[in-house]
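Participant: This is coords.txt (compact mmCIF, C-alpha atoms).
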# COMPACT_ATOMS: atom_id res chain seq x y z
CA MET A 239 26.75 25.93 14.52
CA THR A 240 25.27 24.28 11.45
CA ALA A 241 27.74 21.42 11.72
CA THR A 242 26.81 20.90 15.36
CA LEU A 243 23.11 20.79 14.51
CA ARG A 244 23.83 18.35 11.70
CA ARG A 245 25.76 16.09 14.09
CA MET A 246 22.86 16.21 16.56
CA ALA A 247 20.42 15.26 13.81
CA ILE A 248 22.62 12.34 12.78
CA GLY A 249 22.76 11.23 16.42
CA SER A 250 18.99 11.35 16.68
CA GLN A 251 18.65 9.41 13.45
CA ARG A 252 21.02 6.73 14.69
CA ARG A 253 19.05 6.40 17.90
CA THR A 254 15.88 6.01 15.85
CA GLU A 255 17.46 3.32 13.72
CA LEU A 256 18.77 1.45 16.76
CA LEU A 257 15.41 1.58 18.48
CA ARG A 258 13.53 0.52 15.36
CA GLY A 259 15.36 -2.78 15.37
CA VAL A 260 14.41 -3.68 18.93
CA LEU A 261 11.12 -1.88 19.53
CA ASP A 262 9.15 -5.09 18.97
CA LEU A 263 11.22 -6.76 21.69
CA CYS A 264 10.61 -3.82 24.01
CA LEU A 265 6.87 -4.03 23.42
CA LEU A 266 6.84 -7.77 24.01
CA ALA A 267 8.86 -7.24 27.18
CA VAL A 268 6.56 -4.60 28.68
CA MET A 269 3.41 -6.55 27.86
CA ASP A 270 5.02 -9.65 29.34
CA GLU A 271 4.97 -7.81 32.67
CA GLY A 272 1.20 -7.73 32.40
CA PRO A 273 -1.39 -7.22 29.65
CA ALA A 274 -1.49 -3.65 28.43
CA TYR A 275 -3.26 -1.48 25.89
CA GLY A 276 -1.50 0.82 23.43
CA TYR A 277 -1.02 3.95 25.47
CA GLU A 278 -0.23 1.96 28.60
CA MET A 279 2.72 0.35 26.80
CA THR A 280 4.17 3.70 25.81
CA LYS A 281 3.87 4.81 29.44
CA ARG A 282 5.77 1.74 30.61
CA LEU A 283 8.46 2.43 28.04
CA ARG A 284 8.62 6.10 28.98
CA ASP A 285 8.96 5.21 32.69
CA ARG A 286 12.16 3.39 31.73
CA GLY A 287 13.46 6.36 29.83
CA LEU A 288 12.52 5.08 26.41
CA ALA A 289 10.52 7.82 24.81
CA ILE A 290 9.52 6.74 21.33
CA VAL A 291 8.78 10.18 19.98
CA GLY A 292 10.13 10.43 16.47
CA GLU A 293 10.19 6.71 15.99
CA GLY A 294 6.61 6.73 14.82
CA SER A 295 3.69 5.17 16.51
CA ILE A 296 3.56 1.75 18.10
CA TYR A 297 0.26 0.85 16.44
CA PRO A 298 1.62 -0.51 13.15
CA LEU A 299 4.13 -2.56 15.13
CA LEU A 300 1.40 -3.93 17.38
CA GLY A 301 -0.57 -4.75 14.24
CA ARG A 302 2.37 -6.71 12.86
CA LEU A 303 2.87 -8.60 16.13
CA GLU A 304 -0.81 -9.49 16.06
CA ARG A 305 -0.70 -10.60 12.44
CA ASP A 306 2.34 -12.78 13.12
CA GLY A 307 0.63 -14.43 16.07
CA LEU A 308 3.17 -13.13 18.58
CA VAL A 309 0.50 -11.49 20.75
CA GLU A 310 -2.96 -12.38 21.97
CA THR A 311 -5.59 -9.71 22.38
CA TYR A 312 -8.80 -9.30 24.30
CA ARG A 313 -11.11 -6.42 25.15
CA ALA A 314 -11.73 -5.37 28.70
CA ALA A 315 -12.85 -2.26 30.50
CA SER A 316 -10.04 -0.02 31.63
CA ASN A 317 -10.10 1.91 34.90
CA GLY A 318 -13.43 3.65 34.59
CA GLY A 319 -12.87 4.21 30.89
CA PRO A 320 -14.18 2.59 27.73
CA PRO A 321 -13.28 -1.00 26.84
CA ARG A 322 -9.71 -1.22 25.58
CA LYS A 323 -7.85 -3.75 23.55
CA TYR A 324 -5.28 -5.46 25.73
CA TYR A 325 -2.21 -7.20 24.39
CA ARG A 326 -0.14 -9.99 25.91
CA PRO A 327 2.54 -12.21 24.38
CA SER A 328 1.43 -15.57 23.02
CA SER A 329 3.58 -18.64 23.62
CA THR A 330 5.23 -17.97 20.24
CA GLY A 331 5.72 -14.37 21.28
CA ARG A 332 7.47 -15.40 24.49
CA LEU A 333 9.78 -17.64 22.51
CA ALA A 334 10.48 -14.81 20.07
CA LEU A 335 11.17 -12.50 23.01
CA ALA A 336 13.64 -14.95 24.54
CA LEU A 337 15.47 -15.41 21.25
CA GLY A 338 15.45 -11.70 20.54
CA VAL A 339 16.85 -10.80 23.95
CA SER A 340 19.62 -13.33 23.46
CA GLU A 341 20.47 -11.82 20.06
CA TRP A 342 20.35 -8.30 21.45
CA ARG A 343 22.74 -9.15 24.31
CA ALA A 344 25.18 -10.81 21.96
CA ALA A 345 25.10 -7.81 19.60
CA ARG A 346 25.37 -5.31 22.45
CA ASP A 347 28.38 -7.13 23.95
CA ALA A 348 30.11 -7.27 20.60
CA VAL A 349 29.55 -3.57 19.95
CA ASP A 350 30.65 -2.74 23.50
CA ALA A 351 33.86 -4.67 22.94
CA VAL A 352 34.59 -2.51 19.93
CA LEU A 353 33.52 0.81 21.39
CA ALA A 354 34.68 0.42 24.99
CA PRO A 355 38.30 1.51 24.37
CA VAL A 356 37.17 4.72 22.68
CA LYS A 357 37.89 7.75 24.82
CA ILE A 358 35.32 10.47 24.56
CA GLU A 359 36.68 13.97 24.70
CA VAL A 360 34.43 16.93 24.19
CA ALA A 361 36.19 20.05 23.08
CA SER A 362 34.88 23.17 24.72
CA MET B 293 -7.81 15.10 17.75
CA SER B 294 -11.16 13.74 16.67
CA ASP B 295 -10.26 15.16 13.27
CA PHE B 296 -7.16 12.95 13.17
CA VAL B 297 -9.21 9.89 14.07
CA GLU B 298 -11.84 10.81 11.48
CA GLN B 299 -9.21 11.09 8.77
CA CYS B 300 -7.85 7.69 9.75
CA ARG B 301 -11.36 6.25 9.62
CA SER B 302 -12.00 7.64 6.15
CA GLU B 303 -8.66 6.28 4.95
CA TRP B 304 -9.53 2.80 6.25
CA ARG B 305 -12.89 3.07 4.49
CA ARG B 306 -11.12 4.06 1.28
CA LEU B 307 -8.74 1.11 1.60
CA GLY B 308 -11.63 -1.30 2.06
CA VAL B 309 -11.02 -2.19 5.72
CA ALA B 310 -14.09 -3.92 7.15
CA ASP B 311 -16.24 -1.55 9.20
CA PRO B 312 -16.00 -3.47 12.52
CA LEU B 313 -12.20 -3.50 12.30
CA ALA B 314 -12.03 0.16 11.34
CA GLU B 315 -14.34 1.08 14.21
CA GLU B 316 -12.27 -0.98 16.63
CA MET B 317 -9.03 0.72 15.62
CA ALA B 318 -10.62 4.16 15.64
CA ALA B 319 -12.08 3.60 19.11
CA ASP B 320 -8.75 2.37 20.51
CA LEU B 321 -6.89 5.27 18.97
CA ALA B 322 -9.40 7.82 20.25
CA SER B 323 -9.29 6.38 23.77
CA ASP B 324 -5.49 6.40 23.84
CA LEU B 325 -5.32 9.97 22.53
CA ARG B 326 -7.85 11.13 25.13
CA GLU B 327 -5.86 9.49 27.92
CA ALA B 328 -2.62 10.97 26.64
CA GLU B 329 -4.19 14.43 26.44
CA ALA B 330 -5.55 14.09 29.99
CA GLU B 331 -2.02 13.35 31.18
CA GLY B 332 -0.62 16.36 29.39
CA VAL B 333 0.98 14.40 26.55
CA SER B 334 0.33 16.05 23.23
CA ALA B 335 -0.68 14.06 20.18
CA GLU B 336 2.62 14.96 18.55
CA GLU B 337 4.56 13.64 21.52
CA TYR B 338 2.51 10.47 21.50
CA LEU B 339 2.31 9.73 17.78
CA GLY B 340 5.46 11.45 16.59
CA SER B 341 5.49 12.76 13.05
CA SER B 342 2.59 10.47 12.16
CA VAL B 343 0.25 13.08 13.57
CA PHE B 344 0.89 15.22 10.49
CA ASP B 345 0.03 12.46 8.06
CA PRO B 346 -3.05 10.54 9.19
CA ARG B 347 -3.47 8.82 5.83
CA SER B 348 -0.02 7.24 5.90
CA PHE B 349 -0.43 6.37 9.55
CA ALA B 350 -3.78 4.66 8.96
CA ALA B 351 -2.57 2.86 5.83
CA SER B 352 0.57 1.65 7.57
CA TRP B 353 -1.35 0.37 10.57
CA ALA B 354 -3.89 -1.49 8.43
CA ALA B 355 -1.19 -2.95 6.18
CA GLU B 356 0.86 -4.18 9.14
CA ARG B 357 -2.22 -5.82 10.61
CA GLY B 358 -2.71 -7.58 7.31
CA ILE B 359 -6.26 -6.33 6.84
CA VAL B 360 -5.64 -4.63 3.50
CA PRO B 361 -3.71 -5.96 0.55
CA SER B 362 -0.08 -4.94 0.46
CA PRO B 363 0.73 -2.14 -1.95
CA PRO B 364 1.96 -3.30 -5.36
CA SER B 365 5.66 -3.85 -5.75
CA ARG B 366 7.78 -0.84 -6.62
CA GLY B 367 8.88 -2.42 -9.88
CA ASN B 368 5.35 -2.65 -11.27
CA ALA B 369 4.38 0.76 -9.93
CA ARG B 370 7.41 2.36 -11.60
CA PHE B 371 6.48 1.14 -15.08
CA ARG B 372 2.72 1.66 -14.79
CA PRO B 373 2.79 5.36 -15.77
CA LEU B 374 4.93 4.55 -18.82
CA VAL B 375 2.46 1.93 -19.98
CA LEU B 376 -0.41 4.35 -19.42
CA VAL B 377 1.35 7.09 -21.36
CA ALA B 378 2.01 4.72 -24.27
CA PHE B 379 -1.59 3.52 -24.31
CA THR B 380 -2.94 7.07 -24.18
CA ALA B 381 -0.60 8.16 -26.98
CA LEU B 382 -1.73 5.26 -29.18
CA ALA B 383 -5.38 6.11 -28.59
CA ALA B 384 -4.74 9.77 -29.38
CA ILE B 385 -2.90 8.86 -32.60
CA ALA B 386 -5.78 6.61 -33.63
CA LEU B 387 -8.21 9.47 -32.99
CA ILE B 388 -6.15 11.91 -35.08
CA VAL B 389 -5.77 9.44 -37.94
CA ALA B 390 -9.50 8.69 -37.94
CA ALA B 391 -10.33 12.41 -37.88
CA LEU B 392 -7.95 13.11 -40.79
CA LEU B 393 -9.37 10.25 -42.84
CA LEU B 394 -12.89 11.45 -42.23
CA LEU B 395 -12.03 15.06 -43.06
CA THR B 396 -10.11 14.33 -46.26
CA GLY B 397 -12.28 11.45 -47.36
CA GLN B 398 -9.24 9.60 -48.70
CA PRO B 399 -8.48 6.80 -48.89
CA ARG B 400 -11.93 5.25 -48.85
CA VAL B 401 -11.51 1.88 -47.23
CA SER B 402 -14.32 -0.45 -46.36
CA VAL B 403 -14.67 -3.61 -44.45
CA VAL B 404 -16.54 -6.07 -46.59
CA ALA B 405 -18.27 -9.01 -45.06
CA SER B 406 -18.40 -11.91 -47.46
CA ARG B 407 -20.22 -15.16 -47.44
CA THR B 408 -19.20 -18.11 -49.53
CA THR B 409 -21.70 -20.80 -50.43
CA ARG B 410 -20.51 -24.32 -50.41
CA PRO B 411 -20.28 -26.03 -53.81
CA LEU B 412 -23.49 -27.73 -54.79
CA PHE B 413 -21.68 -30.61 -56.44
CA PRO B 414 -18.77 -32.56 -55.02
CA THR B 415 -15.34 -32.39 -56.55
CA PRO B 416 -14.94 -34.84 -59.45
CA PRO B 417 -13.07 -38.01 -58.56
CA PRO B 418 -9.39 -38.15 -59.45
CA GLY B 419 -8.68 -39.13 -63.04
CA SER B 420 -11.85 -37.64 -64.45
CA PHE B 421 -11.92 -34.66 -66.78
CA GLY B 422 -12.99 -31.21 -65.84
CA PRO B 423 -11.93 -28.53 -63.38
CA SER B 424 -10.52 -29.74 -60.08
CA GLY B 425 -11.95 -26.91 -57.90
CA PRO B 426 -15.49 -26.27 -56.74
CA SER B 427 -17.87 -26.35 -59.59
CA ARG B 428 -19.89 -23.29 -58.44
CA VAL B 429 -18.97 -20.57 -56.03
CA VAL B 430 -21.24 -17.66 -55.28
CA LEU B 431 -20.04 -14.62 -53.34
CA HIS B 432 -22.43 -12.32 -51.57
CA THR B 433 -21.32 -8.94 -50.28
CA SER B 434 -23.03 -7.18 -47.45
CA ALA B 435 -23.31 -3.45 -46.85
CA SER B 436 -19.85 -1.98 -46.29
CA ALA B 437 -18.79 -0.17 -43.05
CA PRO B 438 -16.17 2.57 -43.54
CA ILE B 439 -13.14 1.73 -41.46
CA GLU B 440 -12.63 5.41 -40.54
CA TRP B 441 -15.73 5.33 -38.37
CA ILE B 442 -14.65 2.11 -36.71
CA LEU B 443 -11.23 3.61 -36.00
CA LEU B 444 -12.85 6.75 -34.60
CA LEU B 445 -15.10 4.70 -32.34
CA PHE B 446 -12.17 2.60 -31.19
CA ALA B 447 -10.09 5.71 -30.46
CA ILE B 448 -12.86 7.34 -28.41
CA VAL B 449 -13.43 4.17 -26.38
CA ALA B 450 -9.68 3.76 -25.86
CA LEU B 451 -9.30 7.37 -24.72
CA GLY B 452 -12.19 6.96 -22.28
CA PHE B 453 -10.59 3.80 -20.93
CA ALA B 454 -7.24 5.60 -20.62
CA ALA B 455 -8.90 8.45 -18.68
CA TRP B 456 -10.45 5.91 -16.31
CA LEU B 457 -7.06 4.19 -15.84
CA TRP B 458 -5.37 7.53 -15.11
CA SER B 459 -7.95 8.46 -12.48
CA ARG B 460 -7.68 5.00 -10.91
CA TRP B 461 -3.90 5.20 -10.86
CA GLY B 462 -4.04 8.66 -9.28
CA ARG B 463 -6.33 7.44 -6.52
CA SER B 464 -4.28 4.32 -5.81
CA ARG B 465 -1.01 6.21 -5.40
CA PRO B 466 0.13 5.96 -1.78
CA PRO B 467 0.29 9.24 0.09
CA THR B 468 3.76 10.66 0.52
CA ALA B 469 5.23 9.14 3.65
CA THR B 470 6.75 11.55 6.09
CA ALA B 471 7.62 9.19 8.94
Turn this file's structure into structure tokens for me.
Facilitator:
Amino acid sequence: MTATLRRMAIGSQRRTELLRGVLDLCLLAVMDEGPAYGYEMTKRLRDRGLAIVGEGSIYPLLGRLERDGLVETYRAASNGGPPRKYYRPSSTGRLALALGVSEWRAARDAVDAVLAPVKIEVAS
Amino acid sequence: MSDFVEQCRSEWRRLGVADPLAEEMAADLASDLREAEAEGVSAEEYLGSSVFDPRSFAASWAAERGIVPSPPSRGNARFRPLVLVAFTALAAIALIVAALLLLTGQPRVSVVASRTTRPLFPTPPPGSFGPSGPSRVVLHTSASAPIEWILLLFAIVALGFAAWLWSRWGRSRPPTATA
């Protein structure tokens, strides 16, 4: 039982590590669909099955993207709510997104090539 | 949740984040948390483990935005306590030595300020008879200041400075990160 729980924790940790490396790309991708504020981005990610619970908040990452000039921001009123800070990729951000997606696909294909032959058998 | 935002705000204030920026971040965070709550998403679901450590969360956000100086490198931070301990120990030793000297009264050492008058007559030219040094030197001694008291004063000032450094170091230590 303990070993099973430990394996589950390791699996969760691996998922966190994997996501940490590409979360900036995911944020750039969802804001490229249309400007979005912080919570709106997490909703877009969640709608695609990417819940970021446990990976920490997106705010420090958005702060870094802003500092690096990869996003542009502006304030505008949300739907009946207070003014929100909207993010959208800058031209540099779009370039970074394109390069990042290319790197991700290459890495994913390489890992798939290694892992694809592995047969998964779950003992009952 | 307003408590979480308030703690973030006070951390930004402590870190020296400009008020307009801190207010902007606090307002955005509060709005997002309200919207999440209205949709049935708890703060823990939304912020993850950060919700338990608002200070780290706020510091991390501000640092990533580049609006506060980055924390000092680990190498310097590791040796800082050692340097502080050494400095405090030296000051304490100086205090003890000064106290012992004052209590025993031995040895009696004084700092003597001296003043030397310039010779009234120039040195005789080479080849002439007579002494080759200054023809007249007069020494004046001023009132002496026992070195024990100076050492005691120095030790007290040094200990006060050490106490200030310790309190500053304690405040500047980053909160324990949990995320």
Participant: Which residues of chain B sit at most 9 Å from chain A, using all atoms listed in the file? Give each one's shortest atom pair and distance in Å (one decimal place), in chain and ascending residue order, as a tab-separated table.
Facilitator:
residue	atom	partner	partner_atom	distance
B:Glu316	CA	A:Lys323	CA	8.7
B:Ala319	CA	A:Arg322	CA	8.4
B:Asp320	CA	A:Arg322	CA	6.3
B:Leu321	CA	A:Gly276	CA	8.3
B:Ser323	CA	A:Pro320	CA	7.3
B:Asp324	CA	A:Tyr277	CA	5.4
B:Leu325	CA	A:Tyr277	CA	8.0
B:Glu327	CA	A:Tyr277	CA	7.8
B:Ala328	CA	A:Tyr277	CA	7.3
B:Glu336	CA	A:Val291	CA	7.9
B:Glu337	CA	A:Val291	CA	5.7
B:Tyr338	CA	A:Val291	CA	6.5
B:Leu339	CA	A:Ser295	CA	4.9
B:Gly340	CA	A:Gly292	CA	4.8
B:Ser341	CA	A:Gly292	CA	6.2
B:Ser342	CA	A:Gly294	CA	6.1
B:Phe349	CA	A:Pro298	CA	8.0
B:Ala350	CA	A:Pro298	CA	8.6
B:Ser352	CA	A:Pro298	CA	6.1
B:Trp353	CA	A:Pro298	CA	4.0
B:Ala354	CA	A:Pro298	CA	7.3
B:Ala355	CA	A:Pro298	CA	7.9
B:Glu356	CA	A:Arg302	CA	4.7
B:Arg357	CA	A:Gly301	CA	4.1
B:Gly358	CA	A:Arg305	CA	6.3
B:Ile359	CA	A:Arg305	CA	9.0
B:Ala471	CA	A:Gly294	CA	6.5
Participant: Suppose you want the space between CA of Ala335 (chain B) and CA of Gly287 (chain A); what is it in Å?
Facilitator: 18.8 Å
Participant: Hey, what's within 9 Å of Gly331 (chain A) if we count only C-alpha atoms and toss same-chain stuff fewer than 5 positions away? As number ranges by chain, please?
Facilitator: A: 266, 303, 306-310, 326, 336
Participant: So how many Å separate CA of Trp441 (chain B) and CA of Ser459 (chain B), to one decimal?
Facilitator: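 Atom-to-atom, CA of Trp441 (chain B) and CA of Ser459 (chain B) are spaced 27.2 Å apart.
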Participant: Tell me which of A:Met269, A:Ala348, A:Leu337, A:Leu288 sits closest to Thr311 (chain A), counting all atoms listed in the file.
Facilitator: A:Met269
Participant: What does the distance between CA of Leu376 (chain B) and CA of Ala454 (chain B) come to in Å, to one decimal place?
Facilitator: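 Those two atoms sit 7.0 Å apart.
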Participant: Would you please work out which residue, of A:Ala274, A:Asp347, A:Leu261, A:Ile358, is nearest to Ala314 (chain A) when using all atoms listed in the file?
Facilitator: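 Once distances to Ala314 (chain A) are computed over all atoms listed in the file, the minimum belongs to A:Ala274.
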Participant: For a quick check of understanding, using all atoms listed in the file, which of A:Arg282, A:Leu256, A:Tyr325, A:Leu333 has the smallest distance to Ala345 (chain A)?
Facilitator: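 Of A:Arg282, A:Leu256, A:Tyr325, A:Leu333, the one nearest Ala345 (chain A), counting all atoms listed in the file, is A:Leu256.
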Participant: So, counting all atoms listed in the file, which residue among B:Ala384, B:Leu394, B:Leu451, B:Val377 is closest to Pro438 (chain B)?
Facilitator: B:Leu394
Participant: Counting only C-alpha atoms, what is within 9 Å of Asp270 (chain A), bar same-chain residues fewer than 5 positions away, as a ChimeraX atom specification?
Facilitator: /A:265,326-327,332
